[in-house]
>>> print(open('data_21.cif').read())   # mmCIF, C-alpha atoms
data_start
#
loop_
_atom_site.label_atom_id
_atom_site.label_comp_id
_atom_site.auth_asym_id
_atom_site.auth_seq_id
_atom_site.Cartn_x
_atom_site.Cartn_y
_atom_site.Cartn_z
CA MET A 11 -147.31 31.33 -88.53
CA THR A 12 -144.27 29.58 -90.02
CA ASP A 13 -141.24 31.82 -90.41
CA ALA A 14 -139.51 32.37 -93.76
CA LEU A 15 -136.38 30.36 -92.90
CA THR A 16 -138.32 27.31 -91.74
CA LYS A 17 -140.39 27.44 -94.95
CA LEU A 18 -137.24 27.52 -97.05
CA LEU A 19 -135.63 24.68 -95.10
CA GLU A 20 -138.70 22.58 -95.80
CA THR A 21 -138.04 22.84 -99.53
CA ARG A 22 -134.26 22.29 -99.61
CA ASP A 23 -131.70 19.81 -98.28
CA TRP A 24 -129.21 22.63 -97.65
CA LEU A 25 -129.06 26.41 -97.76
CA MET A 26 -126.03 28.61 -98.33
CA ALA A 27 -125.37 31.54 -96.04
CA ASP A 28 -123.06 34.47 -96.79
CA GLY A 29 -119.38 35.14 -96.16
CA ALA A 30 -117.40 37.74 -94.23
CA THR A 31 -118.77 41.16 -93.37
CA GLY A 32 -115.60 42.71 -91.97
CA THR A 33 -113.30 41.48 -94.74
CA THR A 34 -115.56 42.99 -97.40
CA LEU A 35 -116.04 46.30 -95.61
CA PHE A 36 -112.31 46.69 -94.95
CA ASN A 37 -111.80 46.19 -98.67
CA MET A 38 -114.25 49.07 -99.20
CA GLY A 39 -112.23 51.37 -96.97
CA LEU A 40 -113.51 50.78 -93.44
CA SER A 41 -110.71 51.63 -90.99
CA SER A 42 -109.71 49.35 -88.15
CA GLY A 43 -111.42 50.47 -84.97
CA ASP A 44 -114.35 52.12 -86.74
CA ALA A 45 -117.90 50.91 -86.13
CA PRO A 46 -119.19 49.16 -89.27
CA GLU A 47 -122.75 49.76 -88.08
CA LEU A 48 -122.40 53.52 -88.65
CA TRP A 49 -122.09 52.81 -92.36
CA ASN A 50 -125.74 51.67 -92.34
CA VAL A 51 -126.61 55.36 -92.20
CA ASP A 52 -123.43 57.08 -93.43
CA LYS A 53 -122.62 54.82 -96.41
CA PRO A 54 -125.74 52.74 -97.15
CA GLU A 55 -124.61 52.19 -100.74
CA ASN A 56 -121.61 50.19 -99.46
CA ILE A 57 -123.81 48.03 -97.24
CA GLU A 58 -126.16 47.39 -100.15
CA LYS A 59 -123.13 46.31 -102.20
CA LEU A 60 -122.06 44.00 -99.36
CA TYR A 61 -125.43 42.26 -99.30
CA GLN A 62 -125.74 42.18 -103.09
CA GLY A 63 -122.38 40.44 -103.39
CA ALA A 64 -123.64 37.53 -101.30
CA VAL A 65 -126.92 37.29 -103.21
CA ASP A 66 -125.17 37.41 -106.58
CA ALA A 67 -122.83 34.63 -105.43
CA GLY A 68 -125.85 32.42 -104.70
CA SER A 69 -126.42 32.84 -100.97
CA ASP A 70 -129.88 31.95 -99.68
CA ILE A 71 -129.24 33.83 -96.43
CA PHE A 72 -127.20 36.94 -95.70
CA LEU A 73 -126.43 38.59 -92.38
CA THR A 74 -127.07 42.25 -91.71
CA ASN A 75 -124.29 44.68 -90.83
CA SER A 76 -125.25 44.76 -87.17
CA PHE A 77 -122.87 42.37 -85.41
CA GLY A 78 -121.79 45.07 -82.94
CA GLY A 79 -125.23 46.63 -82.70
CA THR A 80 -125.84 46.36 -78.95
CA ALA A 81 -125.66 49.42 -76.72
CA SER A 82 -122.49 48.14 -75.04
CA ARG A 83 -120.66 47.81 -78.36
CA LEU A 84 -121.94 51.07 -79.80
CA LYS A 85 -120.99 52.90 -76.61
CA LEU A 86 -117.36 52.49 -77.67
CA HIS A 87 -118.17 54.86 -80.53
CA GLY A 88 -120.50 57.22 -78.67
CA ALA A 89 -123.52 55.74 -80.43
CA GLU A 90 -125.23 53.82 -77.62
CA ASP A 91 -128.39 55.90 -78.09
CA ARG A 92 -128.65 54.86 -81.76
CA VAL A 93 -129.25 51.12 -81.32
CA PHE A 94 -132.74 51.05 -82.82
CA GLU A 95 -131.83 53.41 -85.67
CA LEU A 96 -128.68 51.61 -86.79
CA ASN A 97 -130.14 48.11 -86.56
CA LYS A 98 -133.31 49.14 -88.36
CA ALA A 99 -131.23 50.71 -91.14
CA ALA A 100 -129.13 47.53 -91.46
CA ALA A 101 -132.25 45.42 -91.93
CA GLU A 102 -134.01 47.90 -94.24
CA ILE A 103 -131.12 47.81 -96.71
CA GLY A 104 -131.18 44.03 -96.50
CA ARG A 105 -134.91 43.87 -97.10
CA LYS A 106 -134.49 45.97 -100.25
CA VAL A 107 -131.81 43.63 -101.62
CA ALA A 108 -133.65 40.43 -100.71
CA ASP A 109 -136.97 41.56 -102.15
CA ALA A 110 -135.30 42.38 -105.47
CA ALA A 111 -133.51 39.01 -105.71
CA GLY A 112 -136.19 37.24 -107.72
CA ARG A 113 -135.99 34.19 -105.41
CA PRO A 114 -136.44 33.56 -101.69
CA VAL A 115 -133.55 35.13 -99.75
CA ILE A 116 -133.50 35.35 -95.96
CA VAL A 117 -132.47 38.57 -94.21
CA ALA A 118 -130.77 37.47 -90.99
CA GLY A 119 -130.29 40.13 -88.33
CA SER A 120 -126.76 39.65 -86.99
CA MET A 121 -126.45 39.87 -83.19
CA GLY A 122 -122.93 39.41 -81.83
CA PRO A 123 -121.64 39.32 -78.24
CA THR A 124 -121.91 42.38 -76.02
CA GLY A 125 -118.18 42.38 -75.32
CA GLU A 126 -118.84 42.47 -71.58
CA ILE A 127 -118.23 39.73 -69.04
CA MET A 128 -121.36 38.43 -67.36
CA GLU A 129 -121.96 37.96 -63.65
CA PRO A 130 -120.61 36.56 -61.38
CA MET A 131 -117.19 36.99 -63.05
CA GLY A 132 -118.01 40.39 -64.56
CA PRO A 133 -120.39 43.34 -64.25
CA LEU A 134 -123.04 42.43 -66.83
CA SER A 135 -126.25 41.04 -65.33
CA TYR A 136 -128.35 38.55 -67.23
CA GLU A 137 -131.32 40.92 -67.13
CA ARG A 138 -129.30 43.78 -68.63
CA ALA A 139 -127.98 41.49 -71.38
CA VAL A 140 -131.53 40.45 -72.29
CA GLU A 141 -132.58 44.09 -72.44
CA MET A 142 -129.69 45.03 -74.75
CA PHE A 143 -130.39 42.16 -77.13
CA TYR A 144 -134.12 42.94 -77.03
CA GLU A 145 -133.43 46.56 -77.99
CA GLN A 146 -131.31 45.38 -80.90
CA ALA A 147 -133.81 42.76 -82.04
CA LYS A 148 -136.61 45.34 -82.06
CA GLY A 149 -134.64 47.48 -84.50
CA LEU A 150 -133.83 44.53 -86.74
CA LYS A 151 -137.44 43.40 -86.80
CA ALA A 152 -138.68 46.92 -87.57
CA GLY A 153 -136.31 47.05 -90.54
CA GLY A 154 -137.65 43.82 -91.99
CA ALA A 155 -135.25 41.10 -90.81
CA ASP A 156 -136.74 37.61 -91.17
CA ILE A 157 -134.79 36.14 -88.25
CA ALA A 158 -132.21 37.05 -85.62
CA TRP A 159 -128.82 35.43 -86.26
CA ILE A 160 -127.03 35.27 -82.90
CA GLU A 161 -123.36 34.50 -83.49
CA THR A 162 -119.81 34.18 -82.16
CA ILE A 163 -121.07 33.67 -78.60
CA SER A 164 -118.86 31.95 -76.02
CA SER A 165 -120.94 32.02 -72.83
CA PRO A 166 -124.05 29.88 -72.27
CA ASP A 167 -125.67 32.70 -70.30
CA GLU A 168 -125.05 35.23 -73.05
CA TYR A 169 -126.41 32.79 -75.64
CA LYS A 170 -129.55 32.35 -73.56
CA ALA A 171 -129.88 36.11 -72.98
CA ALA A 172 -129.64 36.83 -76.71
CA ALA A 173 -132.21 34.13 -77.41
CA GLU A 174 -134.56 35.61 -74.82
CA GLY A 175 -134.07 39.11 -76.25
CA ALA A 176 -134.94 37.92 -79.76
CA ALA A 177 -137.94 35.95 -78.52
CA LYS A 178 -139.15 38.98 -76.53
CA ALA A 179 -139.14 40.94 -79.80
CA GLU A 180 -141.05 38.07 -81.42
CA LEU A 181 -138.25 37.50 -83.88
CA PRO A 182 -137.42 33.85 -84.75
CA TRP A 183 -133.75 33.10 -84.14
CA ILE A 184 -130.79 30.89 -84.83
CA GLY A 185 -127.61 30.83 -82.77
CA THR A 186 -123.96 29.89 -83.28
CA MET A 187 -121.05 29.73 -80.89
CA SER A 188 -117.36 30.04 -81.72
CA PHE A 189 -115.33 26.98 -80.75
CA ASP A 190 -111.75 28.20 -80.76
CA THR A 191 -110.06 26.78 -77.65
CA ALA A 192 -109.23 23.10 -78.22
CA GLY A 193 -112.73 22.40 -79.49
CA ARG A 194 -114.42 24.48 -76.80
CA THR A 195 -115.64 28.04 -76.72
CA MET A 196 -113.51 30.51 -74.75
CA MET A 197 -115.80 29.84 -71.81
CA GLY A 198 -115.50 26.08 -72.00
CA VAL A 199 -118.62 24.97 -73.87
CA THR A 200 -118.30 21.85 -76.02
CA SER A 201 -120.28 20.89 -79.10
CA THR A 202 -122.13 18.28 -77.05
CA GLU A 203 -123.13 20.83 -74.43
CA LEU A 204 -124.45 23.35 -76.96
CA SER A 205 -126.35 20.70 -78.88
CA ASN A 206 -128.13 19.52 -75.76
CA MET A 207 -128.61 23.02 -74.31
CA VAL A 208 -130.60 24.37 -77.26
CA GLU A 209 -133.12 21.55 -76.97
CA LYS A 210 -134.00 22.70 -73.44
CA LEU A 211 -134.48 26.41 -74.13
CA PRO A 212 -137.99 27.90 -73.63
CA THR A 213 -137.91 29.24 -77.19
CA PRO A 214 -135.49 26.99 -79.09
CA PRO A 215 -133.69 28.14 -82.24
CA ILE A 216 -134.67 27.24 -85.79
CA ALA A 217 -131.08 26.06 -86.21
CA TYR A 218 -127.81 26.17 -84.27
CA GLY A 219 -124.16 25.58 -84.91
CA ALA A 220 -120.65 27.01 -85.07
CA ASN A 221 -118.99 29.98 -86.73
CA CYS A 222 -115.53 31.54 -86.91
CA GLY A 223 -113.03 29.63 -84.74
CA VAL A 224 -109.53 28.62 -85.85
CA GLY A 225 -110.06 27.02 -89.25
CA SER A 226 -112.39 24.89 -91.31
CA SER A 227 -110.99 21.57 -90.07
CA ASP A 228 -111.71 22.38 -86.43
CA LEU A 229 -115.15 23.70 -87.31
CA LEU A 230 -116.08 20.49 -89.13
CA ARG A 231 -114.93 18.44 -86.15
CA THR A 232 -117.37 20.52 -84.09
CA VAL A 233 -120.16 19.89 -86.63
CA LEU A 234 -119.53 16.16 -86.31
CA GLY A 235 -119.92 16.63 -82.56
CA PHE A 236 -123.34 18.21 -83.10
CA SER A 237 -124.44 15.46 -85.47
CA ALA A 238 -123.40 12.75 -83.03
CA GLN A 239 -126.09 13.91 -80.58
CA GLY A 240 -128.83 12.77 -82.96
CA HIS A 241 -131.15 15.79 -82.69
CA ASP A 242 -133.31 16.76 -85.67
CA ARG A 243 -132.65 20.50 -85.40
CA PRO A 244 -130.77 21.90 -88.45
CA ILE A 245 -127.05 22.47 -87.94
CA ILE A 246 -125.09 25.52 -89.14
CA ALA A 247 -121.48 25.55 -90.33
CA LYS A 248 -119.92 28.97 -90.98
CA GLY A 249 -116.16 28.53 -91.04
CA ASN A 250 -113.29 30.87 -91.78
CA ALA A 251 -111.55 30.86 -95.16
CA GLY A 252 -108.42 29.16 -93.93
CA ILE A 253 -106.01 30.52 -91.33
CA PRO A 254 -105.26 34.25 -90.87
CA ARG A 255 -101.75 35.43 -91.73
CA TYR A 256 -100.21 38.89 -91.49
CA VAL A 257 -99.10 39.93 -94.97
CA ASP A 258 -97.87 43.42 -95.92
CA GLY A 259 -99.60 45.07 -92.99
CA HIS A 260 -102.94 43.32 -93.48
CA ILE A 261 -104.64 40.18 -92.21
CA HIS A 262 -104.97 37.70 -95.06
CA TYR A 263 -106.83 34.38 -94.94
CA ASP A 264 -105.09 31.64 -96.89
CA GLY A 265 -108.17 29.58 -97.79
CA THR A 266 -108.67 29.43 -101.55
CA PRO A 267 -112.09 29.15 -103.27
CA GLU A 268 -111.18 25.54 -104.03
CA LEU A 269 -110.51 24.77 -100.36
CA MET A 270 -113.77 26.43 -99.31
CA ALA A 271 -115.65 24.40 -101.92
CA GLU A 272 -114.20 21.26 -100.36
CA TYR A 273 -115.16 22.54 -96.90
CA ALA A 274 -118.75 23.25 -98.00
CA VAL A 275 -119.28 19.75 -99.37
CA MET A 276 -117.76 18.14 -96.30
CA ALA A 277 -119.87 20.36 -94.03
CA ARG A 278 -123.00 19.17 -95.83
CA ASP A 279 -121.90 15.54 -95.59
CA ALA A 280 -121.04 16.02 -91.89
CA GLY A 281 -124.66 16.99 -91.21
CA ALA A 282 -124.87 20.77 -91.69
CA ARG A 283 -127.91 22.13 -93.51
CA ILE A 284 -126.96 25.82 -93.45
CA ILE A 285 -123.44 26.36 -94.79
CA GLY A 286 -121.55 29.61 -95.16
CA GLY A 287 -118.22 31.27 -94.53
CA CYS A 288 -116.92 33.59 -91.85
CA CYS A 289 -113.67 35.59 -91.74
CA GLY A 290 -111.95 35.96 -95.09
CA THR A 291 -114.80 34.49 -97.14
CA THR A 292 -115.44 36.59 -100.25
CA PRO A 293 -118.06 36.29 -103.02
CA GLU A 294 -115.46 34.33 -105.02
CA HIS A 295 -115.30 31.74 -102.26
CA LEU A 296 -119.11 31.64 -102.08
CA LYS A 297 -119.47 31.02 -105.81
CA ALA A 298 -117.12 28.05 -105.60
CA MET A 299 -118.98 26.73 -102.57
CA LYS A 300 -122.36 27.03 -104.27
CA GLU A 301 -121.15 25.25 -107.41
CA ALA A 302 -119.66 22.41 -105.37
CA LEU A 303 -122.81 21.97 -103.29
CA GLU A 304 -124.95 21.86 -106.42
CA THR A 305 -122.78 19.55 -108.50
CA ARG A 306 -121.09 17.12 -106.11
CA PRO A 307 -123.19 14.18 -104.91
CA ARG A 308 -123.83 13.70 -101.22
CA GLY A 309 -121.32 11.36 -99.62
CA PRO A 310 -120.87 9.56 -96.31
CA ARG A 311 -120.09 11.48 -93.15
CA PRO A 312 -116.37 12.39 -93.35
CA THR A 313 -113.91 10.98 -90.86
CA LEU A 314 -111.48 13.14 -88.91
CA GLU A 315 -108.68 11.68 -91.02
CA GLU A 316 -110.42 12.71 -94.25
CA ILE A 317 -111.05 16.23 -92.94
CA ALA A 318 -107.40 16.67 -91.96
CA GLU A 319 -106.20 15.29 -95.28
CA LYS A 320 -108.34 17.62 -97.40
CA LEU A 321 -108.52 20.78 -95.26
CA GLY A 322 -105.45 20.61 -93.04
CA GLY A 323 -104.68 19.37 -89.55
CA PHE A 324 -106.52 20.27 -86.37
CA SER A 325 -105.27 22.93 -83.96
CA SER A 326 -105.56 20.56 -81.00
CA ALA A 327 -105.68 16.84 -80.36
CA SER A 328 -108.98 17.12 -78.49
CA ASP A 329 -112.33 18.66 -79.38
CA GLY A 330 -113.26 18.92 -75.71
CA THR A 331 -115.91 16.19 -75.77
CA ASP A 332 -113.50 13.64 -74.30
CA ASP A 333 -113.01 15.80 -71.20
CA LYS A 334 -109.41 16.47 -72.20
CA GLY A 335 -110.00 20.09 -73.20
CA PRO A 336 -108.99 23.12 -71.13
CA ALA A 337 -110.75 24.02 -67.93
CA LYS A 338 -113.70 26.34 -68.21
CA ARG A 339 -113.00 30.03 -67.73
CA GLU A 340 -114.75 33.36 -68.11
CA ARG A 341 -113.73 35.78 -70.82
CA SER A 342 -115.56 38.36 -72.88
CA GLY A 343 -116.73 37.76 -76.43
CA ARG A 344 -114.61 39.03 -79.30
CA ARG A 345 -115.24 40.75 -82.55
CA ARG A 346 -116.28 38.58 -85.47
CA ARG A 347 -114.47 38.49 -88.81
#
>>> encode(input="data_21.cif", output="structure tokens")
Amino acid sequence: MTDALTKLLETRDWLMADGATGTTLFNMGLSSGDAPELWNVDKPENIEKLYQGAVDAGSDIFLTNSFGGTASRLKLHGAEDRVFELNKAAAEIGRKVADAAGRPVIVAGSMGPTGEIMEPMGPLSYERAVEMFYEQAKGLKAGGADIAWIETISSPDEYKAAAEGAAKAELPWIGTMSFDTAGRTMMGVTSTELSNMVEKLPTPPIAYGANCGVGSSDLLRTVLGFSAQGHDRPIIAKGNAGIPRYVDGHIHYDGTPELMAEYAVMARDAGARIIGGCCGTTPEHLKAMKEALETRPRGPRPTLEEIAEKLGGFSSASDGTDDKGPAKRERSGRRRR
């Protein structure tokens, strides 16, 4: 049976995803260091407002408040035995919002990195990682999520483990990595390597791409790297709203709605079919992105020079695909948004 996201992709040239989870929840009063996932049960009205903001701004897809919903992440808050409950609650609230939207809206079950380093460099075995992601995916599916949205992954093994966990739960999936080290992930993966890797997986994703990172310019350079491989699989672009800056005791992203509108159009023209925002992206940014995508005609694939001119310069001279990037290394995943 065809999944809901694939059906929607068959009817549209592009789809718009949501913006930042953390930014919005911090604005609602979430304290730094607290587990956002606990709000799925303790403050469900805030999570409903989070999802509704994305839908009202025109998003076709929104992610559930479950990024840190694995046992290893929840253990930091003494909630490792609540994986199924908290993920199910995240998806149930999402299902309620999506079903009331009056149009097709995809509930994407967010699955972020475990935060642990995988063998042989660290203690986390591949089998244990699969089991943790499977436990999370079961909760998301039970709550009504349409797909699993695996995101902000740096390690190929963790990406594969998350994919296997979602597939084991019989939940269709998509997967993004974060390319934030001279065009590579923190563990050395390039856009070329991810693009080719997903085509060889036993259960490939509906779509794949990049999220977060160090700015919209770098992310679009990565999207161009995906497109250059010539695969038919839909590409995802979910970039930050500019660059983070510390202002008056808070992290502020300097990307304006106008800049994010420019980013969205260029992402589409670069080859992305699912376009959203990550850190710092608010409903105001999303509204500007949606209007730009609907009103500006499709153009040629942007050049690196055009991207830098309109969105700002790149953080590094290399995107890693020319073998000039940093050497591969093992580090743990980090918190999204």
>>> residues_around(input="data_21.cif", residues="range 192-195 of chain A", least_positions_apart="3", cutoff="9 Å", atoms="all atoms listed in the file", output="ChimeraX atom specification")
/A:163-165,187-189,198-201,223,228-229,231-232,325-331,334-336,338
>>> resolve_selection(input="data_21.cif", expression="the PyMOL selection byres ((chain A and resi 222) around 9)", output="number ranges by chain")
A: 162, 187-190, 220-221, 223-226, 229, 248-250, 287-289, 346-347
>>> atom_distance(input="data_21.cif", atom1="CA of Phe143 in chain A", atom2="CA of Gly175 in chain A")
4.9 Å
>>> closest_residue(input="data_21.cif", among="A:Glu203, A:Asp13, A:Glu95, A:Asp279", to="Leu48 in chain A", atoms="all atoms listed in the file")
A:Glu95
>>> closest_residue(input="data_21.cif", among="A:Glu304, A:Glu272, A:Asp156, A:Glu58", to="Ile317 in chain A", atoms="all atoms listed in the file")
A:Glu272
>>> resolve_selection(input="data_21.cif", expression="the PyMOL selection byres ((chain A and resi 206-213) around 12)", output="mmCIF file with C-alpha atoms, keeping the file's coordinate frame")
data_model
loop_
_atom_site.group_PDB
_atom_site.id
_atom_site.type_symbol
_atom_site.label_atom_id
_atom_site.label_comp_id
_atom_site.auth_asym_id
_atom_site.auth_seq_id
_atom_site.Cartn_x
_atom_site.Cartn_y
_atom_site.Cartn_z
ATOM 1 C CA SER A 165 -120.940 32.020 -72.830
ATOM 2 C CA PRO A 166 -124.050 29.880 -72.270
ATOM 3 C CA ASP A 167 -125.670 32.700 -70.300
ATOM 4 C CA TYR A 169 -126.410 32.790 -75.640
ATOM 5 C CA LYS A 170 -129.550 32.350 -73.560
ATOM 6 C CA ALA A 171 -129.880 36.110 -72.980
ATOM 7 C CA ALA A 172 -129.640 36.830 -76.710
ATOM 8 C CA ALA A 173 -132.210 34.130 -77.410
ATOM 9 C CA GLU A 174 -134.560 35.610 -74.820
ATOM 10 C CA GLY A 175 -134.070 39.110 -76.250
ATOM 11 C CA ALA A 176 -134.940 37.920 -79.760
ATOM 12 C CA ALA A 177 -137.940 35.950 -78.520
ATOM 13 C CA LYS A 178 -139.150 38.980 -76.530
ATOM 14 C CA GLU A 180 -141.050 38.070 -81.420
ATOM 15 C CA LEU A 181 -138.250 37.500 -83.880
ATOM 16 C CA PRO A 182 -137.420 33.850 -84.750
ATOM 17 C CA TRP A 183 -133.750 33.100 -84.140
ATOM 18 C CA ILE A 184 -130.790 30.890 -84.830
ATOM 19 C CA GLY A 185 -127.610 30.830 -82.770
ATOM 20 C CA THR A 186 -123.960 29.890 -83.280
ATOM 21 C CA MET A 187 -121.050 29.730 -80.890
ATOM 22 C CA VAL A 199 -118.620 24.970 -73.870
ATOM 23 C CA THR A 200 -118.300 21.850 -76.020
ATOM 24 C CA SER A 201 -120.280 20.890 -79.100
ATOM 25 C CA THR A 202 -122.130 18.280 -77.050
ATOM 26 C CA GLU A 203 -123.130 20.830 -74.430
ATOM 27 C CA LEU A 204 -124.450 23.350 -76.960
ATOM 28 C CA SER A 205 -126.350 20.700 -78.880
ATOM 29 C CA PRO A 214 -135.490 26.990 -79.090
ATOM 30 C CA PRO A 215 -133.690 28.140 -82.240
ATOM 31 C CA ILE A 216 -134.670 27.240 -85.790
ATOM 32 C CA ALA A 217 -131.080 26.060 -86.210
ATOM 33 C CA TYR A 218 -127.810 26.170 -84.270
ATOM 34 C CA GLY A 219 -124.160 25.580 -84.910
ATOM 35 C CA GLY A 235 -119.920 16.630 -82.560
ATOM 36 C CA PHE A 236 -123.340 18.210 -83.100
ATOM 37 C CA SER A 237 -124.440 15.460 -85.470
ATOM 38 C CA ALA A 238 -123.400 12.750 -83.030
ATOM 39 C CA GLN A 239 -126.090 13.910 -80.580
ATOM 40 C CA GLY A 240 -128.830 12.770 -82.960
ATOM 41 C CA HIS A 241 -131.150 15.790 -82.690
ATOM 42 C CA ASP A 242 -133.310 16.760 -85.670
ATOM 43 C CA ARG A 243 -132.650 20.500 -85.400
ATOM 44 C CA PRO A 244 -130.770 21.900 -88.450
ATOM 45 C CA ILE A 245 -127.050 22.470 -87.940
#
>>> atom_distance(input="data_21.cif", atom1="CA of Leu86 in chain A", atom2="CA of Arg105 in chain A")
27.6 Å
>>> atom_distance(input="data_21.cif", atom1="CA of Thr292 in chain A", atom2="CA of Gln146 in chain A")
26.5 Å
>>> resolve_selection(input="data_21.cif", expression="the PyMOL selection byres ((chain A and resi 30-42) around 10)", output="PyMOL selection string")
chain A and resi 28-29+43-46+49+56-57+59-61+63-64+72-77+222+248-251+261-263+286-293+345-347
>>> write_last_selection(input="data_21.cif", atoms="C-alpha atoms", output="PDB file, in the frame of the given file")
ATOM      1  CA  ASP A  28    -123.060  34.470 -96.790  1.00  0.00           C
ATOM      2  CA  GLY A  29    -119.380  35.140 -96.160  1.00  0.00           C
ATOM      3  CA  GLY A  43    -111.420  50.470 -84.970  1.00  0.00           C
ATOM      4  CA  ASP A  44    -114.350  52.120 -86.740  1.00  0.00           C
ATOM      5  CA  ALA A  45    -117.900  50.910 -86.130  1.00  0.00           C
ATOM      6  CA  PRO A  46    -119.190  49.160 -89.270  1.00  0.00           C
ATOM      7  CA  TRP A  49    -122.090  52.810 -92.360  1.00  0.00           C
ATOM      8  CA  ASN A  56    -121.610  50.190 -99.460  1.00  0.00           C
ATOM      9  CA  ILE A  57    -123.810  48.030 -97.240  1.00  0.00           C
ATOM     10  CA  LYS A  59    -123.130  46.310-102.200  1.00  0.00           C
ATOM     11  CA  LEU A  60    -122.060  44.000 -99.360  1.00  0.00           C
ATOM     12  CA  TYR A  61    -125.430  42.260 -99.300  1.00  0.00           C
ATOM     13  CA  GLY A  63    -122.380  40.440-103.390  1.00  0.00           C
ATOM     14  CA  ALA A  64    -123.640  37.530-101.300  1.00  0.00           C
ATOM     15  CA  PHE A  72    -127.200  36.940 -95.700  1.00  0.00           C
ATOM     16  CA  LEU A  73    -126.430  38.590 -92.380  1.00  0.00           C
ATOM     17  CA  THR A  74    -127.070  42.250 -91.710  1.00  0.00           C
ATOM     18  CA  ASN A  75    -124.290  44.680 -90.830  1.00  0.00           C
ATOM     19  CA  SER A  76    -125.250  44.760 -87.170  1.00  0.00           C
ATOM     20  CA  PHE A  77    -122.870  42.370 -85.410  1.00  0.00           C
ATOM     21  CA  CYS A 222    -115.530  31.540 -86.910  1.00  0.00           C
ATOM     22  CA  LYS A 248    -119.920  28.970 -90.980  1.00  0.00           C
ATOM     23  CA  GLY A 249    -116.160  28.530 -91.040  1.00  0.00           C
ATOM     24  CA  ASN A 250    -113.290  30.870 -91.780  1.00  0.00           C
ATOM     25  CA  ALA A 251    -111.550  30.860 -95.160  1.00  0.00           C
ATOM     26  CA  ILE A 261    -104.640  40.180 -92.210  1.00  0.00           C
ATOM     27  CA  HIS A 262    -104.970  37.700 -95.060  1.00  0.00           C
ATOM     28  CA  TYR A 263    -106.830  34.380 -94.940  1.00  0.00           C
ATOM     29  CA  GLY A 286    -121.550  29.610 -95.160  1.00  0.00           C
ATOM     30  CA  GLY A 287    -118.220  31.270 -94.530  1.00  0.00           C
ATOM     31  CA  CYS A 288    -116.920  33.590 -91.850  1.00  0.00           C
ATOM     32  CA  CYS A 289    -113.670  35.590 -91.740  1.00  0.00           C
ATOM     33  CA  GLY A 290    -111.950  35.960 -95.090  1.00  0.00           C
ATOM     34  CA  THR A 291    -114.800  34.490 -97.140  1.00  0.00           C
ATOM     35  CA  THR A 292    -115.440  36.590-100.250  1.00  0.00           C
ATOM     36  CA  PRO A 293    -118.060  36.290-103.020  1.00  0.00           C
ATOM     37  CA  ARG A 345    -115.240  40.750 -82.550  1.00  0.00           C
ATOM     38  CA  ARG A 346    -116.280  38.580 -85.470  1.00  0.00           C
ATOM     39  CA  ARG A 347    -114.470  38.490 -88.810  1.00  0.00           C
TER      40      ARG A 347
END
>>> closest_residue(input="data_21.cif", among="A:Gly88, A:Val51, A:Gly119, A:Gly265", to="Ile253 in chain A", atoms="all atoms listed in the file")
A:Gly265
>>> axis_aligned_box(input="data_21.cif", around="range 44-56 of chain A", padding_each_side="8 Å", output="JSON")
{"center_x": -120.5, "center_y": 53.1, "center_z": -93.4, "size_x": 28.3, "size_y": 23.9, "size_z": 30.6}
>>> residues_around(input="data_21.cif", residues="Leu96 in chain A", least_positions_apart="4", cutoff="10 Å", atoms="all atoms listed in the file", output="tab-separated table (two decimals) with C-alpha atoms, in the coordinates of the input")
chain	number	residue	atom	x	y	z
A	47	GLU	CA	-122.75	49.76	-88.08
A	48	LEU	CA	-122.40	53.52	-88.65
A	49	TRP	CA	-122.09	52.81	-92.36
A	50	ASN	CA	-125.74	51.67	-92.34
A	51	VAL	CA	-126.61	55.36	-92.20
A	75	ASN	CA	-124.29	44.68	-90.83
A	76	SER	CA	-125.25	44.76	-87.17
A	79	GLY	CA	-125.23	46.63	-82.70
A	80	THR	CA	-125.84	46.36	-78.95
A	84	LEU	CA	-121.94	51.07	-79.80
A	89	ALA	CA	-123.52	55.74	-80.43
A	91	ASP	CA	-128.39	55.90	-78.09
A	92	ARG	CA	-128.65	54.86	-81.76
A	100	ALA	CA	-129.13	47.53	-91.46
A	101	ALA	CA	-132.25	45.42	-91.93
A	102	GLU	CA	-134.01	47.90	-94.24
A	146	GLN	CA	-131.31	45.38	-80.90
A	149	GLY	CA	-134.64	47.48	-84.50
A	150	LEU	CA	-133.83	44.53	-86.74
A	153	GLY	CA	-136.31	47.05	-90.54
>>> residues_around(input="data_21.cif", residues="Ala14 in chain A", least_positions_apart="6", cutoff="12 Å", atoms="all atoms listed in the file", output="VMD selection string")
chain A and resid 20 to 21 70 to 71 114 to 118 154 to 158 181 to 183 216
>>> closest_residue(input="data_21.cif", among="A:Arg22, A:Ala152, A:Ile160, A:Val140", to="Gly78 in chain A", atoms="only C-alpha atoms")
A:Ile160
>>> closest_residue(input="data_21.cif", among="A:Gly252, A:Met299, A:Val233, A:Arg283", to="Thr313 in chain A", atoms="only C-alpha atoms")
A:Val233
>>> closest_residue(input="data_21.cif", among="A:Ala81, A:Met197, A:Ala247, A:Ile103", to="Met128 in chain A", atoms="only C-alpha atoms")
A:Met197
